[in-house]
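First comes the structure, then the notes that go with it.
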Amino acid sequence: MFRFCTIALLVVLFPLYTGCGATAQTPRVYSDTDSALGDAQARTMIQPVIDQQDLATSLRKAVYIEYPDYSVTALLPGGETDSQVIGALELDQKADVLQIWITEPIDSAALYIKYDPAIRRYASTDVEADNAIGFSCLVERGLLSIGMVGLNGKNLDAGTRLVTINFAAGPEQIVRRAVSVSQAQTTAVRDLTVSYSGTGNATLSWSERHTGDYNLDGLVSANDLTPIGFWYQRQVDELDEDYARIEVVDGNEDGFITMNDITQIGQNFGSHLAGYNVYRYRLETQAQEPDLDDDGWVKVENNVGADEPSASREGMFNGQKTRLSWVFIDELDSQGYYAWYVAPAGTPGDKPAEGKPSNIAKPGGGSLPEGTLTFEVVPPLDGMPVFTDQELFVGIKAENVIDLFSANVRFEYDASMLRFIYAQSFIDTGTVRYENLLAAPSSQQPDYCNPLFAAQDVGESSANDGYRVIGLNATKWRGEQPCSGTGYLGYIRFKALDSKANPECLRFPQTSTFIYMWGDNYGVPVMTPRLGESMELVISE
């Protein structure tokens with residue numbers, strides 16, 4: 001039997017991965033290659049996202065097992081009740097000792113135990129689970145969190161006593177500080193870049209950093225123990241094919257996944273990343289290098305609401321295991337030179353409300369051409385008027401991409417003007433064939449080979465303004481070489497509805513973590529594309 005030992009921030013450890021995550025619903029997918037859907041969806045991010053919520057909200061909505069002096073629940077990443085784990089729990093109370101067993105095998109558990117802090121206080125926890133690591137954190141008076149996970153993918157067997165929790169008589173004196181957005185310097189974005197589109201709008205891109213949030217659901221909780229258990233004792237090596245997933249879990253950045261990475265969960269427990277605030281500074285000259293404390297920085301508002309972060313994380317979690325890449329479009333209203341930085345934003349009421357600021361970025365020059373995504377109506381309606389009830393194809397065009405193996409794209413369309421019918425990777429009119437960029441031949445692959453392809457209408461835009469979102473994925477087959485150049489990633493078939501005009505009938509979302517250009521190293525993006533202008537469409541009677 002191992003006994004918990006208390007460390008800083010009331011985090012206690014015990015020697016306990018496989019993901020204890022929500023089972024994604026099977027999306028309605030349109031594909032040319034049905035047999036390839038499994039592989040395509042392994043790379044894609046078109047599936048429905050998992051709603052996320054802060055810890056207090058999750059606990060308020062959760063289903064509990066009620067016992068004489070205790071209430072116990074289990075949560076999934078994203079905050080929903082983990083009914084599988086709850087159904088496997090068996091509790092036994094003897095005086096001030098609470099034992100928790102499992103009657104069915106589970107891979108991991110994130111438990112929350114409530115009790116009356118006026119009459120008892122938490123003392124210690126014991127565990128007998130073999131080949132496992134665990135984590136315990138006193139979240140606040142009367143609320144204890146325990147995380148457990150099997151090492152290296154091993155299940156916790158039925159009949160296992162997970163924990164014995166020891167309490168003592170008397171009131172609990174410890175009061176945990178109010179949870180705020182993480183103030184750890186390691187949460188500061190380090191790779192903010194900016195590029196201009198054709199008309200001057202700026203596309204910002206950066207990689208998310210939220211120390212302790214190892215499962216990337218936006219909340220530091222007991223669920224973040226799971227990735228530590230899965231990658232336990234692995235070295236963080238850039239040559240490792242799993243590097244993109246492992247490096248997220250190296251919270252203390254020492255190059256190894258060990259028990260030491262649990263400390264960052266305790267230090268940031270309950271921290272909720274609600275998104276990023278984007279700040280813009282108008283430069284007097286192109287060469288000016290502003291400081292963070294200079295007057296003149298202005299927060300860029302989003303198209304959802306002024307009270308939200310500039311780039312909201314709502315609806316951004318879908319179980320991805322590699323670090324999220326953010327894209328944000330700043331629609332500039334005047335010519336000039338600008339600089340930007342971003343800062344992680346917490347939930348309303350957080351004090352402080354922001355985390356550490358990123359590097360300051362200005363649009364660069366003289367580099368290789370950046371990949372750009374644009375919309376284009378393709379034949380047979382190319383350049384022709386569109387009438388009510390007529391069907392048309394819109395191509396998603398990638399320009400100047402380099403070493404592209406797989407692409408994930410999200411974009412929005414005006415649902416009052418268009419109805420999504422289906423999507424396909426190429427068009428064959430009988431007289432001419434419009435190919436997919438990822439089917440282009442190369443010296444290594446002389447024949448055309450259509451890519452794995454899937455697309456889906458994934459729901460309403462977060463802006464709630466009558467737009468809907470389409471997710472698209474195109475992926476080359478394993479063993480093929482990545483491609484470079486310009487071409488289409490897919491074609492969306494729409495039906496024209498009401499006669500009207502909209503200069504932004506199709507557009508890219510102001511904020512997205514779902515637009516990626518992947519290389520042949522699985523899970524590692526090769527670039528964040530510059531997002532082109534919205535597409536105008538006029539529908540006539």
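Starting from 1 in every chain, residues are counted up; chains themselves are A, B, ... following the order of the structure tokens, and ligands are numbered from 1 as listed.
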What's around Arg209 of chain A at 7 Å? Count only C-alpha atoms, leave out sequence neighbours fewer than 6 positions away in its own chain, and write the answer as a ChimeraX atom specification. /A:187-189
Store the residues picked out above in a file with all heavy atoms, as a short mmCIF file (atom, residue, chain, number, x, y, z; two decimals), in the first residue's frame.
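Written output follows (result-v2.cif):
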data_model
loop_
_atom_site.label_atom_id
_atom_site.label_comp_id
_atom_site.auth_asym_id
_atom_site.auth_seq_id
_atom_site.Cartn_x
_atom_site.Cartn_y
_atom_site.Cartn_z
N THR A 187 2.96 29.88 -19.31
CA THR A 187 1.73 29.96 -20.10
C THR A 187 1.79 31.07 -21.15
O THR A 187 0.86 31.20 -21.95
CB THR A 187 0.50 30.22 -19.20
OG1 THR A 187 0.65 31.50 -18.55
CG2 THR A 187 0.36 29.13 -18.15
N ALA A 188 2.84 31.88 -21.15
CA ALA A 188 2.94 32.96 -22.13
C ALA A 188 3.18 32.40 -23.53
O ALA A 188 4.03 31.53 -23.73
CB ALA A 188 4.08 33.91 -21.74
N VAL A 189 2.42 32.88 -24.49
CA VAL A 189 2.63 32.49 -25.89
C VAL A 189 4.00 32.96 -26.34
O VAL A 189 4.41 34.08 -26.05
CB VAL A 189 1.51 33.10 -26.77
CG1 VAL A 189 1.84 32.96 -28.25
CG2 VAL A 189 0.17 32.46 -26.44
#
Enumerate the residues of segment 82-322 of chain A with a DSSP assignment of strand (DSSP E or B), computed from the backbone, and present them as an MDAnalysis selection string. chainID A and resid 89:94 97:102 106 108:114 120:127 132:140 143:150 156 161:169 193:196 202:207 219 235 256 272 275:283 298:300 311:312
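Between Thr486 of chain A and the candidates A:Glu435, A:Asp457, A:Glu504, A:Asp69, the tightest atom-to-atom separation, counting only C-alpha atoms, involves A:Glu435.
The list of residues with at least one atom within 8 Å of segment 242-244 of chain A, based on only C-alpha atoms and without residues fewer than 6 positions apart in the same chain, reads Val236, Thr322, Arg323, Tyr522, Gly523 and Val524 of chain A.
If only C-alpha atoms are the atoms counted, then among A:Pro529, A:Pro105, A:Gly229, A:Pro68 the closest residue to Ala132 of chain A is A:Gly229.
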As JSON, numbers by chain, please: the residues near Ile65 of chain A (cut-off 10 Å, only C-alpha atoms, same-chain neighbours under 4 positions excluded). {"A": [70, 71, 72, 73, 74, 86, 87, 89, 90, 91, 113]}
With 10 Å as the cut-off and only C-alpha atoms counted, what is the closest atom pair between each nearby residue of segment 315-403 of chain A and segment 292-301 of chain A? Distances in Å to one decimal, ordered by chain and number, as CSV.
residue,atom,partner,partner_atom,distance
A:Ile329,CA,A:Val300,CA,10.0
A:Asp330,CA,A:Val300,CA,7.4
A:Glu331,CA,A:Val300,CA,9.3
A:Leu332,CA,A:Val300,CA,9.9
A:Ala339,CA,A:Trp297,CA,9.1
A:Trp340,CA,A:Trp297,CA,8.4
A:Tyr341,CA,A:Leu292,CA,8.4
A:Val342,CA,A:Lys299,CA,9.3
A:Pro357,CA,A:Leu292,CA,8.3
A:Ser358,CA,A:Leu292,CA,9.5
A:Asn359,CA,A:Leu292,CA,9.2
A:Ile360,CA,A:Leu292,CA,8.0
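Across segment 135-303 of chain A, DSSP run on the backbone finds alpha helix (DSSP H) at Leu225, Thr226, Pro227, Ile228, Gly229, Phe230, Tyr243, Ala244, Arg245, Ile246, Thr263, Gln264, Ile265, Gly266 and Gln267 of chain A.
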Would you put the residues from that selection into a file with N, CA, C and O atoms, as a short mmCIF file (atom, residue, chain, number, x, y, z; two decimals), in the first residue's frame?
data_model
loop_
_atom_site.label_atom_id
_atom_site.label_comp_id
_atom_site.auth_asym_id
_atom_site.auth_seq_id
_atom_site.Cartn_x
_atom_site.Cartn_y
_atom_site.Cartn_z
N LEU A 225 -4.13 14.39 -15.19
CA LEU A 225 -3.20 13.34 -14.79
C LEU A 225 -3.10 12.25 -15.86
O LEU A 225 -2.06 11.60 -16.01
N THR A 226 -4.17 12.06 -16.64
CA THR A 226 -4.23 10.96 -17.60
C THR A 226 -3.08 10.98 -18.60
O THR A 226 -2.42 9.95 -18.81
N PRO A 227 -2.77 12.11 -19.26
CA PRO A 227 -1.66 12.09 -20.21
C PRO A 227 -0.31 11.82 -19.54
O PRO A 227 0.58 11.23 -20.17
N ILE A 228 -0.14 12.23 -18.27
CA ILE A 228 1.11 11.92 -17.58
C ILE A 228 1.27 10.42 -17.45
O ILE A 228 2.34 9.85 -17.71
N GLY A 229 0.19 9.75 -17.05
CA GLY A 229 0.26 8.30 -16.92
C GLY A 229 0.55 7.61 -18.23
O GLY A 229 1.31 6.64 -18.29
N PHE A 230 -0.03 8.13 -19.32
CA PHE A 230 0.17 7.49 -20.62
C PHE A 230 1.60 7.61 -21.11
O PHE A 230 2.16 6.67 -21.69
N TYR A 243 6.45 13.29 -30.61
CA TYR A 243 6.92 14.50 -29.93
C TYR A 243 5.80 15.52 -29.72
O TYR A 243 5.68 16.11 -28.65
N ALA A 244 4.96 15.76 -30.77
CA ALA A 244 3.95 16.82 -30.68
C ALA A 244 2.95 16.56 -29.57
O ALA A 244 2.37 17.50 -29.02
N ARG A 245 2.73 15.29 -29.21
CA ARG A 245 1.80 14.98 -28.13
C ARG A 245 2.51 14.95 -26.77
O ARG A 245 1.95 15.33 -25.76
N ILE A 246 3.75 14.49 -26.77
CA ILE A 246 4.48 14.36 -25.51
C ILE A 246 4.86 15.71 -24.93
O ILE A 246 4.76 15.95 -23.72
N THR A 263 3.19 18.52 -10.36
CA THR A 263 3.23 19.76 -9.58
C THR A 263 2.53 20.89 -10.30
O THR A 263 1.82 21.71 -9.68
N GLN A 264 2.68 20.96 -11.63
CA GLN A 264 2.06 22.05 -12.38
C GLN A 264 0.53 21.95 -12.37
O GLN A 264 -0.16 22.96 -12.47
N ILE A 265 0.02 20.72 -12.23
CA ILE A 265 -1.43 20.59 -12.08
C ILE A 265 -1.87 21.24 -10.77
O ILE A 265 -2.85 21.99 -10.71
N GLY A 266 -1.14 20.95 -9.70
CA GLY A 266 -1.49 21.52 -8.40
C GLY A 266 -1.36 23.03 -8.37
O GLY A 266 -2.21 23.74 -7.83
N GLN A 267 -0.30 23.54 -8.99
CA GLN A 267 -0.07 24.98 -8.97
C GLN A 267 -1.14 25.75 -9.72
O GLN A 267 -1.45 26.90 -9.40
#
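Between atom CA of Glu370 of chain A and atom CA of Val401 of chain A lies a distance of 6.8 Å.
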Find the residues around Val409 of chain A up to 7 Å (only C-alpha atoms counted), leave out those fewer than 6 positions away in its own chain, and share them as an NGL selection string. :A and (471-473 or 514-516)
Please, could you write that set of residues out with N, CA, C and O atoms as a PDB file, in the first residue's frame?
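Writing the result to selection.pdb gives the following:
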ATOM      1  N   GLY A 471     -16.670  21.936 -41.711  1.00  0.00           N
ATOM      2  CA  GLY A 471     -15.327  21.428 -41.481  1.00  0.00           C
ATOM      3  C   GLY A 471     -14.941  20.488 -42.610  1.00  0.00           C
ATOM      4  O   GLY A 471     -15.749  19.678 -43.066  1.00  0.00           O
ATOM      5  N   LEU A 472     -13.719  20.594 -43.070  1.00  0.00           N
ATOM      6  CA  LEU A 472     -13.234  19.806 -44.208  1.00  0.00           C
ATOM      7  C   LEU A 472     -11.860  19.256 -43.902  1.00  0.00           C
ATOM      8  O   LEU A 472     -11.022  19.936 -43.299  1.00  0.00           O
ATOM      9  N   ASN A 473     -11.624  18.013 -44.306  1.00  0.00           N
ATOM     10  CA  ASN A 473     -10.307  17.409 -44.158  1.00  0.00           C
ATOM     11  C   ASN A 473      -9.929  16.686 -45.434  1.00  0.00           C
ATOM     12  O   ASN A 473     -10.737  15.956 -46.015  1.00  0.00           O
ATOM     13  N   PHE A 514      -9.087  25.243 -35.572  1.00  0.00           N
ATOM     14  CA  PHE A 514      -9.355  24.069 -36.399  1.00  0.00           C
ATOM     15  C   PHE A 514      -8.765  24.187 -37.806  1.00  0.00           C
ATOM     16  O   PHE A 514      -9.043  23.359 -38.652  1.00  0.00           O
ATOM     17  N   ILE A 515      -8.014  25.226 -38.093  1.00  0.00           N
ATOM     18  CA  ILE A 515      -7.441  25.397 -39.428  1.00  0.00           C
ATOM     19  C   ILE A 515      -5.953  25.063 -39.360  1.00  0.00           C
ATOM     20  O   ILE A 515      -5.177  25.779 -38.731  1.00  0.00           O
ATOM     21  N   TYR A 516      -5.591  23.941 -39.979  1.00  0.00           N
ATOM     22  CA  TYR A 516      -4.224  23.434 -39.900  1.00  0.00           C
ATOM     23  C   TYR A 516      -3.726  22.991 -41.263  1.00  0.00           C
ATOM     24  O   TYR A 516      -4.487  22.440 -42.064  1.00  0.00           O
TER      25      TYR A 516
END
Show which residues sit within 6 Å of Ala343 of chain A, as a PyMOL selection string. Count only C-alpha atoms, and ignore same-chain residues fewer than 2 positions away. chain A and resi 276-277+355-357
